[in-house]
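Below you'll find the structure, written out as structure tokens, and then a few comments.
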Amino acid sequence: MQLRFFPYELKLKHAFNLASSSRTSTPVVITELTSDGITGYGEASMPPYLGESHASALDFLSKVNLSSVKNPFLIEDILEYVDSIAPANYAAKASIDIALHDLTGKLAALPCYKMWGLNRDKTPHTSFTIGIDTPETVKQKTEDASPYTILKIKLGRDNDRQLIEAIRSVTAKPLSVDVNQGWTDKYYALDMILWLKEQNVLFVEQPLPKKLMNDAAWLKQYSPLPIIADEAVQTAKDIPLINDVYHGINIKLMKCGGMRAARNMVAVARSIGLKVMIGCMTETSCAVSAAAQLSPLCDWADLDGNLLITNDLFQGVEIINGKITLQDSAGIGVRRVENYELKIANYEK
Ligand code: MG
């Protein structure tokens, strides 16, 4: 099996403003695993707050030697070896995991969700993120989001109510809210959540800083809306720790190391009665389509990373009337865009 990989920079349609930061691009690495003339595609996306970079991912991938692997279907063995190369490096590991799932799906001529026995009728609708901005721009972005049935709003600044009111002046669609740890007081958080419930919000992601476990446990007790852990949960080993603190978890392939680790997280979360959401980073349609294969297992999805960039390298999962729609194409279900090689070759740091 041969591994190739290329650095690439995703350009964002709108600056991505969080409670704590703002950026206009995201570094990714595209991987290719080839066996018997068939190629599987993978991706590592590395928003800066996760601590990985082009340099770290390229360094990790240069240590991966799969040239002696004859049977790509030994997924457990292969990914155990990849895990053993170095700790952390979750996005870099995810790029191998995704390419391997894509490759084996193509060799078996089956989409991943079918290999896992999942029902594609059970895919959730995806939310579409409206980034923090001036109320005027937020209004415009909301109008642009007409194909989506659930809108995700990033809160955590001092104009939260104003933003929700700006959106409510143009649409009555259900909303999900992501605070990205932006509220610091549990009473303020509860007040906001009580108010957000009246605004037809479905759930709230990471309202408090991840370190405030006691405050978050208190909030879980009183909140009329489900509270979902994102920053507070990275891998399966974190899940039992937050059982009394959150109602559910947001799983992302780049946080946990790929599709195999994500499926394991779903199983652990379900075993203790937690809700499950599948999310993404700013990613091409490659990693987003990989995550979509798992979405029949999830209550909610936030798979819009590919919709927020201008230079995607793949076509993949479709969103039809807001619903994630899985097709019959094998593996993770992606095709390279025209000029894929050229786009990668022309990439300049
Ligand atoms: Mg989040």
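Identifiers in the structure tokens: chain A, B, ... in order shown; residue index from 1 per chain; ligand index from 1 in order shown.
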What residues have any atom no more than 6 Å from ligand 1 when counting only C-alpha atoms and all ligand atoms, and can you list them as JSON, numbers by chain?
-> {"A": [178, 180, 205, 230]}
Please provide as a count of residues only all residues within 8 Å of stretch 26-37 of chain A, with the sequence filter that same-chain residues fewer than 3 positions apart are discarded (counting only C-alpha atoms).
-> 34
Contact residues around A:Arg120 with only C-alpha atoms at 8 Å, ignoring same-chain residues under 5 positions, as a list of chain:residue names | A:Tyr113, A:Pro296, A:Thr325, A:Leu326
Could you give me, as JSON lines, every stretch 203-271 of chain A residue with an atom at most 12 Å from stretch 163-176 of chain A, plus its closest atom pair and distance in Å to one decimal, counting only C-alpha atoms, rows ordered by chain then number?
```
{"residue": "A:Phe203", "atom": "CA", "partner": "A:Ser176", "partner_atom": "CA", "distance": 5.5}
{"residue": "A:Val204", "atom": "CA", "partner": "A:Ser176", "partner_atom": "CA", "distance": 6.2}
{"residue": "A:Glu205", "atom": "CA", "partner": "A:Ser176", "partner_atom": "CA", "distance": 7.9}
{"residue": "A:Gln206", "atom": "CA", "partner": "A:Ser176", "partner_atom": "CA", "distance": 11.5}
{"residue": "A:Pro207", "atom": "CA", "partner": "A:Ser176", "partner_atom": "CA", "distance": 11.9}
{"residue": "A:Leu225", "atom": "CA", "partner": "A:Ser176", "partner_atom": "CA", "distance": 10.3}
{"residue": "A:Pro226", "atom": "CA", "partner": "A:Ser176", "partner_atom": "CA", "distance": 10.4}
{"residue": "A:Ile227", "atom": "CA", "partner": "A:Ser176", "partner_atom": "CA", "distance": 10.6}
{"residue": "A:Ile228", "atom": "CA", "partner": "A:Ser176", "partner_atom": "CA", "distance": 10.5}
```
Please dump the current selection as a compact mmCIF listing (two decimals), in the first residue's frame; keep N, CA, C and O atoms.
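Saved to part_30.txt:
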```txt
# COMPACT_ATOMS: atom_id res chain seq x y z
N PHE A 203 -30.56 22.89 21.23
CA PHE A 203 -29.57 22.50 22.25
C PHE A 203 -28.46 23.53 22.26
O PHE A 203 -28.36 24.37 21.35
N VAL A 204 -27.62 23.45 23.31
CA VAL A 204 -26.54 24.42 23.48
C VAL A 204 -25.22 23.67 23.62
O VAL A 204 -25.09 22.78 24.47
N GLU A 205 -24.25 24.04 22.77
CA GLU A 205 -22.94 23.40 22.80
C GLU A 205 -21.99 24.22 23.68
O GLU A 205 -21.92 25.44 23.53
N GLN A 206 -21.31 23.55 24.52
CA GLN A 206 -20.19 24.07 25.33
C GLN A 206 -20.43 25.50 25.86
O GLN A 206 -19.68 26.42 25.53
N PRO A 207 -21.46 25.68 26.72
CA PRO A 207 -21.75 27.02 27.22
C PRO A 207 -20.66 27.57 28.13
O PRO A 207 -20.39 28.77 28.12
N LEU A 225 -32.72 22.83 28.14
CA LEU A 225 -32.22 22.38 26.82
C LEU A 225 -31.04 21.44 27.05
O LEU A 225 -30.27 21.61 28.00
N PRO A 226 -30.85 20.46 26.14
CA PRO A 226 -29.67 19.61 26.25
C PRO A 226 -28.38 20.44 26.12
O PRO A 226 -28.29 21.33 25.28
N ILE A 227 -27.41 20.11 26.96
CA ILE A 227 -26.10 20.76 26.94
C ILE A 227 -25.10 19.75 26.36
O ILE A 227 -24.97 18.64 26.87
N ILE A 228 -24.41 20.16 25.29
CA ILE A 228 -23.53 19.24 24.57
C ILE A 228 -22.06 19.64 24.79
O ILE A 228 -21.71 20.81 24.64
```
Contacts of A:Ile130 at 10 Å (only C-alpha atoms; same-chain gap of 3+ positions) as a ChimeraX atom specification | /A:14,16-17,127,133,137-142,144-145,151-154,167,177,308
Written selection (C-alpha atoms) as a compact mmCIF listing (two decimals), in the first residue's frame:
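Produced file result20.txt, reproduced below:
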```txt
# COMPACT_ATOMS: atom_id res chain seq x y z
CA HIS A 14 -16.40 34.46 5.58
CA PHE A 16 -14.59 32.53 11.08
CA ASN A 17 -15.23 34.44 14.30
CA SER A 127 -27.13 22.51 10.86
CA ASP A 133 -20.75 39.08 12.90
CA THR A 137 -24.25 40.59 8.12
CA VAL A 138 -25.83 37.88 10.26
CA LYS A 139 -29.16 38.74 8.66
CA GLN A 140 -27.61 38.43 5.19
CA LYS A 141 -25.95 35.09 6.03
CA THR A 142 -29.28 33.77 7.35
CA ASP A 144 -28.08 32.77 2.19
CA ALA A 145 -28.73 29.68 4.35
CA LEU A 151 -29.14 27.09 11.74
CA LYS A 152 -26.20 27.03 14.14
CA ILE A 153 -25.32 30.29 15.83
CA LYS A 154 -22.01 30.99 17.52
CA ILE A 167 -31.88 36.04 13.10
CA VAL A 177 -26.27 27.41 19.69
CA LEU A 308 -17.99 27.33 4.20
```
Which of A:Lys220, A:His101, A:Arg263, A:Lys255 sits closest to A:Asn243 [using only C-alpha atoms] =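 Counting only C-alpha atoms, the residue closest to A:Asn243 is A:Lys220.
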Can you list every residue in stretch 33-196 of chain A that DSSP puts in strand (DSSP E or B), as a PyMOL selection string?
-> chain A and resi 33-35+38-45+111+125-130+150-154+175-178
Among stretch 94-172 of chain A, which ones does DSSP place in alpha helix (DSSP H), written as JSON, numbers by chain?
-> {"A": [94, 95, 96, 97, 98, 99, 100, 101, 102, 103, 104, 105, 106, 107, 108, 112, 113, 114, 115, 135, 136, 137, 138, 139, 140, 141, 142, 143, 144, 160, 161, 162, 163, 164, 165, 166, 167, 168]}
For A:Val64, list every protein, DNA or RNA residue within 9 Å, evaluated using only C-alpha atoms, and leave out those in the same chain fewer than 2 positions away; present the list as a list in words.
->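 My list of contacting residues is Leu3, Phe60, Leu61, Ser62, Leu66, Tyr81, Val82 and Ile85 of chain A.
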Could you write out that same residue set with C-alpha atoms as a PDB file, in the first residue's frame?
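This is the output file out.pdb:
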```
ATOM      1  CA  LEU A   3       0.883   6.636   0.981  1.00  0.00           C
ATOM      2  CA  PHE A  60       3.962  12.526  11.497  1.00  0.00           C
ATOM      3  CA  LEU A  61       2.937  11.269   8.043  1.00  0.00           C
ATOM      4  CA  SER A  62       6.563  11.013   6.936  1.00  0.00           C
ATOM      5  CA  LEU A  66       2.686   1.166   5.022  1.00  0.00           C
ATOM      6  CA  TYR A  81       0.431   0.610  14.158  1.00  0.00           C
ATOM      7  CA  VAL A  82      -0.349   4.218  13.115  1.00  0.00           C
ATOM      8  CA  ILE A  85       4.042   5.919  16.002  1.00  0.00           C
TER       9      ILE A  85
END
```
Restricting the calculation to only C-alpha atoms, which member of A:Gly322, A:Gly156, A:Gly279, A:Gly105 is positioned closest to A:Cys298?
->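 Selected residue with least distance to A:Cys298: A:Gly279.
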When distances are computed from only C-alpha atoms, which of A:Lys210, A:Lys237, A:Lys252, A:Lys343 shows the smallest separation from A:Ala94?
->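 The answer is A:Lys252, which sits nearest to A:Ala94.
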Atomic separation - atom CA of A:Asn306 relative to atom CA of A:Ala86, Å | 28.7 Å
Excluding stretch 329-341 of chain A and residues on its chain fewer than 4 positions from it, collect all residues at most 12 Å away from it, counting only C-alpha atoms, and give them as a PyMOL selection string.
-> chain A and resi 5-6+8+30+32+38-43+97-116+259+284-294+311-318+325+345-347
